[in-house]
Amino acid sequence: MATKKYTVTLPEELAEEIRQDVGSGGFSAYVTRAIERQREQDRLGELVAWLEEEYGPVTDDDLAAAEAERREFERYFTEQGAPAGQPRRKAS
């Protein structure tokens, strides 16, 4: 992917904290990943707004059902010996 240099103003304390964690060579990559994650969140927010406009808001019952299903998946994967949300790989 082509890159272009931009000037961005950040709080000094935050920027220095990041630079210490990732080193000067990793700073741009860190900021790029942060911006990509924010763009994903923005798009998800747009999708949620559209879905709520189309089908109405998520109800407490919907949230409870989704949470129950998440717990069931977590329980299944824990029983399989894999971390939650990651299926266990079959031996080759």
# chains A, B, ... in the order shown; residues from 1 in each chain; ligands from 1
$ residues_around --residues "Ile18 in chain A" --least-positions-apart "4" --cutoff "12 Å" --atoms "only C-alpha atoms" --output "list in words"
Leu10, Pro11, Glu12, Glu13, Leu14, Val22, Gly23, Ser24, Gly25, Gly26, Phe27, Ser28, Ala29, Tyr30, Val31 and Ala34 of chain A
$ write_last_selection --atoms "N, CA and C atoms" --output "tab-separated table (two decimals), in the first residue's frame"
chain	number	residue	atom	x	y	z
A	10	LEU	N	-0.59	15.30	18.54
A	10	LEU	CA	-1.01	14.38	19.60
A	10	LEU	C	-0.57	14.93	20.95
A	11	PRO	N	-1.26	14.57	22.00
A	11	PRO	CA	-0.76	14.95	23.33
A	11	PRO	C	0.63	14.34	23.54
A	12	GLU	N	1.57	15.16	23.95
A	12	GLU	CA	2.97	14.73	24.06
A	12	GLU	C	3.12	13.51	24.96
A	13	GLU	N	2.45	13.52	26.11
A	13	GLU	CA	2.58	12.41	27.05
A	13	GLU	C	2.13	11.09	26.43
A	14	LEU	N	1.02	11.13	25.71
A	14	LEU	CA	0.51	9.93	25.05
A	14	LEU	C	1.48	9.45	23.97
A	22	VAL	N	6.60	0.94	21.70
A	22	VAL	CA	6.79	0.33	20.37
A	22	VAL	C	8.10	0.70	19.71
A	23	GLY	N	8.83	1.67	20.26
A	23	GLY	CA	10.06	2.14	19.63
A	23	GLY	C	9.73	3.11	18.52
A	24	SER	N	10.71	3.90	18.15
A	24	SER	CA	10.45	4.95	17.16
A	24	SER	C	10.08	4.37	15.80
A	25	GLY	N	10.62	3.20	15.45
A	25	GLY	CA	10.30	2.59	14.17
A	25	GLY	C	8.90	2.02	14.10
A	26	GLY	N	8.27	1.74	15.25
A	26	GLY	CA	6.95	1.16	15.25
A	26	GLY	C	5.83	2.15	15.46
A	27	PHE	N	6.19	3.42	15.64
A	27	PHE	CA	5.20	4.44	15.97
A	27	PHE	C	4.15	4.60	14.86
A	28	SER	N	4.60	4.74	13.63
A	28	SER	CA	3.66	4.93	12.51
A	28	SER	C	2.76	3.72	12.35
A	29	ALA	N	3.31	2.52	12.47
A	29	ALA	CA	2.50	1.30	12.35
A	29	ALA	C	1.46	1.25	13.45
A	30	TYR	N	1.83	1.65	14.67
A	30	TYR	CA	0.91	1.65	15.80
A	30	TYR	C	-0.24	2.62	15.52
A	31	VAL	N	0.08	3.82	15.09
A	31	VAL	CA	-0.94	4.82	14.80
A	31	VAL	C	-1.83	4.36	13.65
A	34	ALA	N	-4.26	1.84	14.97
A	34	ALA	CA	-5.27	2.51	15.80
A	34	ALA	C	-6.33	3.18	14.92
$ select_by_dssp --residues "chain A" --states "helix (DSSP H, G or I)" --output "VMD selection string"
chain A and resid 12 to 22 24 to 55 60 to 79
$ atom_distance --atom1 "CA of Thr3 in chain A" --atom2 "CA of Glu17 in chain A"
24.1 Å
$ atom_distance --atom1 "CA of Tyr6 in chain A" --atom2 "CA of Leu44 in chain A"
26.0 Å
$ atom_distance --atom1 "CA of Leu63 in chain A" --atom2 "CA of Gln38 in chain A"
23.7 Å
